[in-house]
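Novice: Contents are mmCIF, C-alpha atoms; file name structure24.cif:
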data_upload
#
loop_
_atom_site.label_atom_id
_atom_site.label_comp_id
_atom_site.auth_asym_id
_atom_site.auth_seq_id
_atom_site.Cartn_x
_atom_site.Cartn_y
_atom_site.Cartn_z
CA MET A 22 167.03 177.54 65.90
CA PRO A 23 165.19 175.10 68.19
CA ALA A 24 166.80 174.26 71.48
CA GLN A 25 166.33 171.38 73.85
CA SER A 26 166.97 171.59 77.57
CA THR A 27 167.61 168.84 80.08
CA ALA A 28 167.17 169.55 83.77
CA PHE A 29 168.83 167.38 86.41
CA VAL A 30 167.14 167.72 89.80
CA PHE A 31 168.83 166.44 92.96
CA GLN A 32 166.31 166.51 95.78
CA GLY A 33 165.70 165.31 99.28
CA GLY A 34 163.37 165.94 102.15
CA MET A 35 161.04 164.39 104.69
CA SER A 36 158.46 161.66 104.14
CA MET A 37 155.37 160.99 106.23
CA GLY A 38 154.30 157.40 105.73
CA PHE A 39 150.86 155.94 106.36
CA GLN A 40 149.63 152.38 106.02
CA ARG A 41 146.16 150.98 105.74
CA TRP A 42 146.08 147.71 107.68
CA ASP A 43 143.14 145.40 107.02
CA ASN A 44 141.13 148.22 105.36
CA SER A 45 141.52 150.53 108.36
CA PHE A 46 143.69 153.63 108.85
CA ASP A 47 144.29 153.00 112.55
CA ARG A 48 148.06 153.50 112.62
CA GLN A 49 150.24 156.55 113.19
CA PRO A 50 152.57 158.19 110.66
CA LEU A 51 156.21 157.23 110.16
CA PHE A 52 158.66 160.10 109.57
CA THR A 53 161.75 159.32 107.48
CA PRO A 54 164.07 161.12 105.02
CA HIS A 55 164.11 160.48 101.28
CA VAL A 56 166.38 161.29 98.32
CA ALA A 57 165.75 161.27 94.56
CA LEU A 58 167.28 162.18 91.21
CA SER A 59 165.09 163.43 88.35
CA ILE A 60 165.85 164.04 84.67
CA GLU A 61 163.49 166.36 82.78
CA SER A 62 163.36 166.85 79.02
CA ILE A 63 162.19 170.40 78.16
CA ASP A 64 161.40 171.90 74.74
CA ASN A 65 162.62 175.49 74.97
CA ASP A 66 160.01 176.60 72.42
CA ASN A 67 157.33 175.35 74.81
CA ASP A 68 158.86 175.19 78.28
CA LYS A 69 155.46 175.01 79.93
CA THR A 70 155.48 171.23 79.65
CA SER A 71 158.10 168.54 80.13
CA VAL A 72 158.44 164.82 80.64
CA PHE A 73 160.57 163.35 83.40
CA ALA A 74 161.98 160.21 84.93
CA GLN A 75 162.84 159.99 88.62
CA ILE A 76 164.59 157.36 90.70
CA GLY A 77 164.72 157.62 94.47
CA TYR A 78 165.09 155.90 97.82
CA HIS A 79 162.01 156.07 100.04
CA THR A 80 160.91 154.38 103.24
CA ARG A 81 157.25 153.35 103.29
CA GLY A 82 155.64 152.39 106.54
CA SER A 83 153.77 153.38 109.68
CA ALA A 84 154.19 153.44 113.42
CA THR A 85 152.50 152.53 116.68
CA ARG A 86 153.07 154.83 119.63
CA LEU A 87 151.33 154.19 122.96
CA ARG A 88 151.63 155.73 126.41
CA PHE A 89 150.53 153.95 129.59
CA PHE A 90 150.02 155.57 132.98
CA GLN A 91 151.25 153.41 135.83
CA GLY A 92 151.26 154.73 139.36
CA THR A 93 153.04 158.07 139.37
CA GLY A 94 154.91 157.45 136.12
CA THR A 95 154.29 156.65 132.47
CA LEU A 96 155.42 153.86 130.18
CA THR A 97 155.82 154.39 126.46
CA PHE A 98 155.73 151.89 123.61
CA SER A 99 156.94 152.73 120.11
CA GLU A 100 157.16 150.44 117.09
CA GLU A 101 157.89 151.28 113.44
CA PHE A 102 157.18 149.13 110.40
CA ARG A 103 159.64 150.06 107.65
CA PHE A 104 159.83 149.03 104.01
CA ASN A 105 162.90 150.51 102.31
CA ASN A 106 162.06 150.96 98.64
CA ILE A 107 163.66 152.06 95.40
CA ALA A 108 161.05 153.93 93.34
CA LEU A 109 160.99 154.81 89.63
CA VAL A 110 158.51 157.44 88.42
CA LEU A 111 157.70 158.29 84.78
CA GLY A 112 155.45 161.28 84.19
CA GLY A 113 154.75 164.76 82.91
CA LYS A 114 155.01 168.26 84.33
CA GLN A 115 153.10 171.50 83.66
CA ARG A 116 154.52 174.94 84.52
CA PHE A 117 152.96 178.39 84.95
CA PRO A 118 154.58 181.83 85.48
CA LEU A 119 154.95 183.10 89.04
CA GLY A 120 156.39 186.60 89.25
CA GLU A 121 159.19 187.69 86.94
CA ARG A 122 161.31 184.54 86.83
CA SER A 123 159.83 181.90 89.12
CA LYS A 124 157.25 179.29 88.10
CA TYR A 125 154.80 177.08 89.88
CA PHE A 126 154.08 173.60 88.60
CA TYR A 127 152.15 170.41 89.07
CA TYR A 128 153.07 166.92 87.93
CA GLY A 129 151.79 163.38 87.80
CA GLY A 130 153.21 160.01 86.92
CA ILE A 131 153.09 156.25 87.24
CA ARG A 132 155.41 154.78 89.87
CA GLY A 133 156.98 151.38 90.42
CA ASP A 134 158.54 150.39 93.76
CA TYR A 135 160.89 147.55 94.68
CA THR A 136 161.44 146.71 98.36
CA LEU A 137 165.14 146.35 99.15
CA SER A 138 164.72 145.53 102.85
CA THR A 139 162.30 145.62 105.76
CA ASN A 140 162.48 145.44 109.54
CA ILE A 141 159.40 143.29 110.14
CA ASP A 142 161.40 140.16 111.02
CA ASP A 143 163.65 142.23 113.29
CA LEU A 144 160.60 143.43 115.22
CA VAL A 145 159.55 139.87 115.94
CA SER A 146 163.02 138.72 117.00
CA ALA A 147 163.34 141.69 119.35
CA LYS A 148 160.25 140.68 121.31
CA GLN A 149 160.91 139.18 124.71
CA ASN A 150 157.73 137.13 124.35
CA ALA A 151 158.21 134.94 121.25
CA GLN A 152 154.57 133.86 121.48
CA LEU A 153 153.57 137.15 119.86
CA ALA A 154 155.42 136.28 116.64
CA ILE A 155 152.45 134.61 114.96
CA PHE A 156 150.44 137.84 115.20
CA TYR A 157 153.09 139.89 113.35
CA PRO A 158 153.63 140.29 109.58
CA PHE A 159 156.30 138.04 108.11
CA ILE A 160 158.50 138.43 105.03
CA GLY A 161 156.95 135.47 103.22
CA ALA A 162 153.71 137.42 102.69
CA MET A 163 155.43 140.66 101.63
CA ASN A 164 155.23 141.85 98.04
CA ARG A 165 158.54 143.30 96.85
CA TRP A 166 157.07 144.85 93.68
CA MET A 167 154.42 147.57 93.89
CA VAL A 168 152.76 149.92 91.42
CA GLY A 169 151.31 153.29 92.33
CA ALA A 170 150.96 156.93 91.36
CA SER A 171 152.90 160.08 92.24
CA VAL A 172 151.28 163.52 92.04
CA GLY A 173 152.39 166.85 93.41
CA GLY A 174 153.17 170.48 92.86
CA GLY A 175 155.56 173.20 93.87
CA ILE A 176 157.68 176.19 92.88
CA GLU A 177 160.81 176.54 90.71
CA PHE A 178 163.03 179.54 91.36
CA PRO A 179 166.29 180.39 89.52
CA PHE A 180 169.62 181.26 91.10
CA SER A 181 171.19 181.89 87.68
CA ASP A 182 170.49 180.97 84.05
CA LEU A 183 171.56 177.35 84.57
CA ILE A 184 171.12 176.75 88.31
CA GLY A 185 167.94 176.96 90.35
CA GLY A 186 165.98 175.55 93.24
CA GLN A 187 162.74 173.62 93.57
CA LEU A 188 160.34 173.16 96.48
CA SER A 189 157.56 170.59 96.16
CA ILE A 190 154.86 168.71 98.05
CA SER A 191 153.68 165.35 96.77
CA VAL A 192 151.51 162.35 97.56
CA HIS A 193 152.30 158.75 96.59
CA PRO A 194 149.49 156.18 96.91
CA ASP A 195 150.14 152.52 96.10
CA PHE A 196 147.71 150.61 93.88
CA LEU A 197 149.05 147.20 94.92
CA LEU A 198 149.47 145.79 98.41
CA GLN A 199 152.81 145.89 100.20
CA TYR A 200 151.72 142.91 102.28
CA ASN A 201 149.07 140.31 101.46
CA GLN A 202 148.58 137.40 103.85
CA PRO A 203 145.69 134.94 103.39
CA PRO A 204 143.89 133.45 106.41
CA ILE A 205 145.93 130.80 108.23
CA GLY A 206 144.03 128.08 110.05
CA ASN A 207 144.89 125.44 112.64
CA VAL A 208 147.64 127.45 114.31
CA ILE A 209 148.64 126.26 117.77
CA ASP A 210 147.43 128.76 120.33
CA PRO A 211 150.58 130.02 122.11
CA PHE A 212 148.58 131.00 125.19
CA ASN A 213 146.50 127.82 125.40
CA PRO A 214 148.57 124.71 124.56
CA GLY A 215 146.57 121.96 122.95
CA GLN A 216 144.16 124.34 121.27
CA THR A 217 144.29 125.94 117.83
CA ILE A 218 143.33 129.35 116.49
CA ALA A 219 142.92 130.94 113.06
CA ILE A 220 145.08 133.89 112.00
CA PRO A 221 142.85 136.28 110.02
CA GLU A 222 143.70 137.65 106.58
CA ARG A 223 145.98 140.69 106.66
CA SER A 224 146.67 143.28 103.99
CA ILE A 225 148.85 146.40 104.11
CA ARG A 226 148.76 149.27 101.60
CA ASN A 227 151.09 152.28 101.58
CA LEU A 228 150.37 156.00 101.27
CA THR A 229 153.24 158.50 101.53
CA LEU A 230 153.29 162.30 101.74
CA GLU A 231 156.56 164.10 100.98
CA ILE A 232 158.02 167.58 101.11
CA SER A 233 161.18 168.01 99.06
CA PHE A 234 163.79 170.62 98.26
CA GLY A 235 165.80 170.20 95.08
CA LEU A 236 168.74 171.71 93.23
CA ARG A 237 168.03 172.14 89.50
CA LEU A 238 170.90 172.04 87.00
CA LEU A 239 169.91 173.04 83.45
CA ARG A 240 171.73 171.85 80.33
CA LYS A 241 170.85 173.53 77.02
CA VAL A 242 171.59 172.14 73.57
CA VAL A 243 171.15 174.24 70.42
CA TYR A 244 170.58 172.46 67.11
CA GLU A 245 172.10 174.21 64.12
#
Starting from the file, lay out its structure as structure tokens.
Specialist:
Amino acid sequence: MPAQSTAFVFQGGMSMGFQRWDNSFDRQPLFTPHVALSIESIDNDNDKTSVFAQIGYHTRGSATRLRFFQGTGTLTFSEEFRFNNIALVLGGKQRFPLGERSKYFYYGGIRGDYTLSTNIDDLVSAKQNAQLAIFYPFIGAMNRWMVGASVGGGIEFPFSDLIGGQLSISVHPDFLLQYNQPPIGNVIDPFNPGQTIAIPERSIRNLTLEISFGLRLLRKVVYE
């Protein structure tokens, strides 16, 4: 009799976020945790393949870290740009035997992100020099909806017939921009009153690398 399995995967881990600002990868990585829940539909007659849906909470972003030498001491500057996103991934998974019971796999899917919150306005308000605000990103030019891809691979290993673990590494590039600001002209120069400047176009695109550990719970249904 054919049987259908459903795997529920609760996973979490560490993300390393990168951002391409104005077509240049000149920023440093942002390290943040992430969590996700996946549901996989598996045909027991052909458990090499499955389809899945995953929803998770991920922080996209990047950082700037600088160190200045002054006299006999050093000054440090650190700034993180965070976009806290809910992500939904729909995709497929391919498995291959690894040893007696374990399997290795790879997967790929289409991903949609929605930005719940960001700290970009907080960064501006925290500056002692408010004149710098015009050179920072602002929420009005942020895109809350993004589309991207998620691809990765890893290992599944059983603890028992219905419970197992999963270790994976994945990459998540965005197709759409997280931030898209057109050029802004005739802005009053904060450092030279009476004169104006032009703020150049600015675009920000996300790329995230993740390492995750998951707990797999398997539910089998037998059709009579």
Novice: Between atom CA of Glu231 of chain A and atom CA of Pro194 of chain A, measure the distance and give it in Å to one decimal.
Specialist: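 Atom-to-atom, atom CA of Glu231 of chain A and atom CA of Pro194 of chain A are spaced 11.4 Å apart.
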Novice: For each of A:Ile176, A:Leu153, A:Val168, A:Ala84, take the minimum atom-to-atom distance to Tyr125 of chain A, counting only C-alpha atoms, then give the residue where this is smallest.
Specialist: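 Nearest candidate to Tyr125 of chain A out of A:Ile176, A:Leu153, A:Val168, A:Ala84: A:Ile176.
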Novice: When the PyMOL selection byres ((chain A and resi 81) around 6) is applied to the file above, which residues end up in the set, as a list of chain:residue names?
Specialist: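 Checking the PyMOL selection byres ((chain A and resi 81) around 6) against this file, the residues are A:Gly38, A:Thr80, A:Gly82, A:Arg103, A:Phe104.
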Novice: Please produce a file of those selected residues containing C-alpha atoms, as a PDB file, keeping the file's coordinate frame.
Specialist:
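Okay, result.pdb is ready:
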ATOM      1  CA  GLY A  38     154.300 157.400 105.730  1.00  0.00           C
ATOM      2  CA  THR A  80     160.910 154.380 103.240  1.00  0.00           C
ATOM      3  CA  GLY A  82     155.640 152.390 106.540  1.00  0.00           C
ATOM      4  CA  ARG A 103     159.640 150.060 107.650  1.00  0.00           C
ATOM      5  CA  PHE A 104     159.830 149.030 104.010  1.00  0.00           C
TER       6      PHE A 104
END
Novice: Which residue, A:Ser26, A:Ser171, A:Gln32, A:Thr229, has the smallest gap to Val110 of chain A when you use all atoms listed in the file?
Specialist: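 Nearest candidate to Val110 of chain A out of A:Ser26, A:Ser171, A:Gln32, A:Thr229: A:Ser171.
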Novice: Evaluated on this file, the PyMOL selection byres ((chain A and resi 141) around 12) picks out some residues - which ones are they, written as a list in words?
Specialist: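 On the file shown, the PyMOL selection byres ((chain A and resi 141) around 12) covers Gly82, Ser83, Ala84, Glu100, Glu101, Phe102, Arg103, Phe104, Asn105, Ser138, Thr139, Asn140, Asp142, Asp143, Leu144, Val145, Ser146, Ala147, Lys148, Ala154, Phe156, Tyr157, Pro158, Phe159, Ile160, Gly161, Ala162, Met163 and Tyr200 of chain A.
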Novice: Which residues, named as in the file, does the PyMOL selection byres ((chain A and resi 61) around 8) pick out? Answer as a PyMOL selection string.
Specialist: chain A and resi 27-29+59-60+62-63+71-74
Novice: Suppose you want the space between atom CA of Ala108 of chain A and atom CA of Asn227 of chain A; what is it in Å?
Specialist: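 Between atom CA of Ala108 of chain A and atom CA of Asn227 of chain A the gap works out to 13.0 Å.
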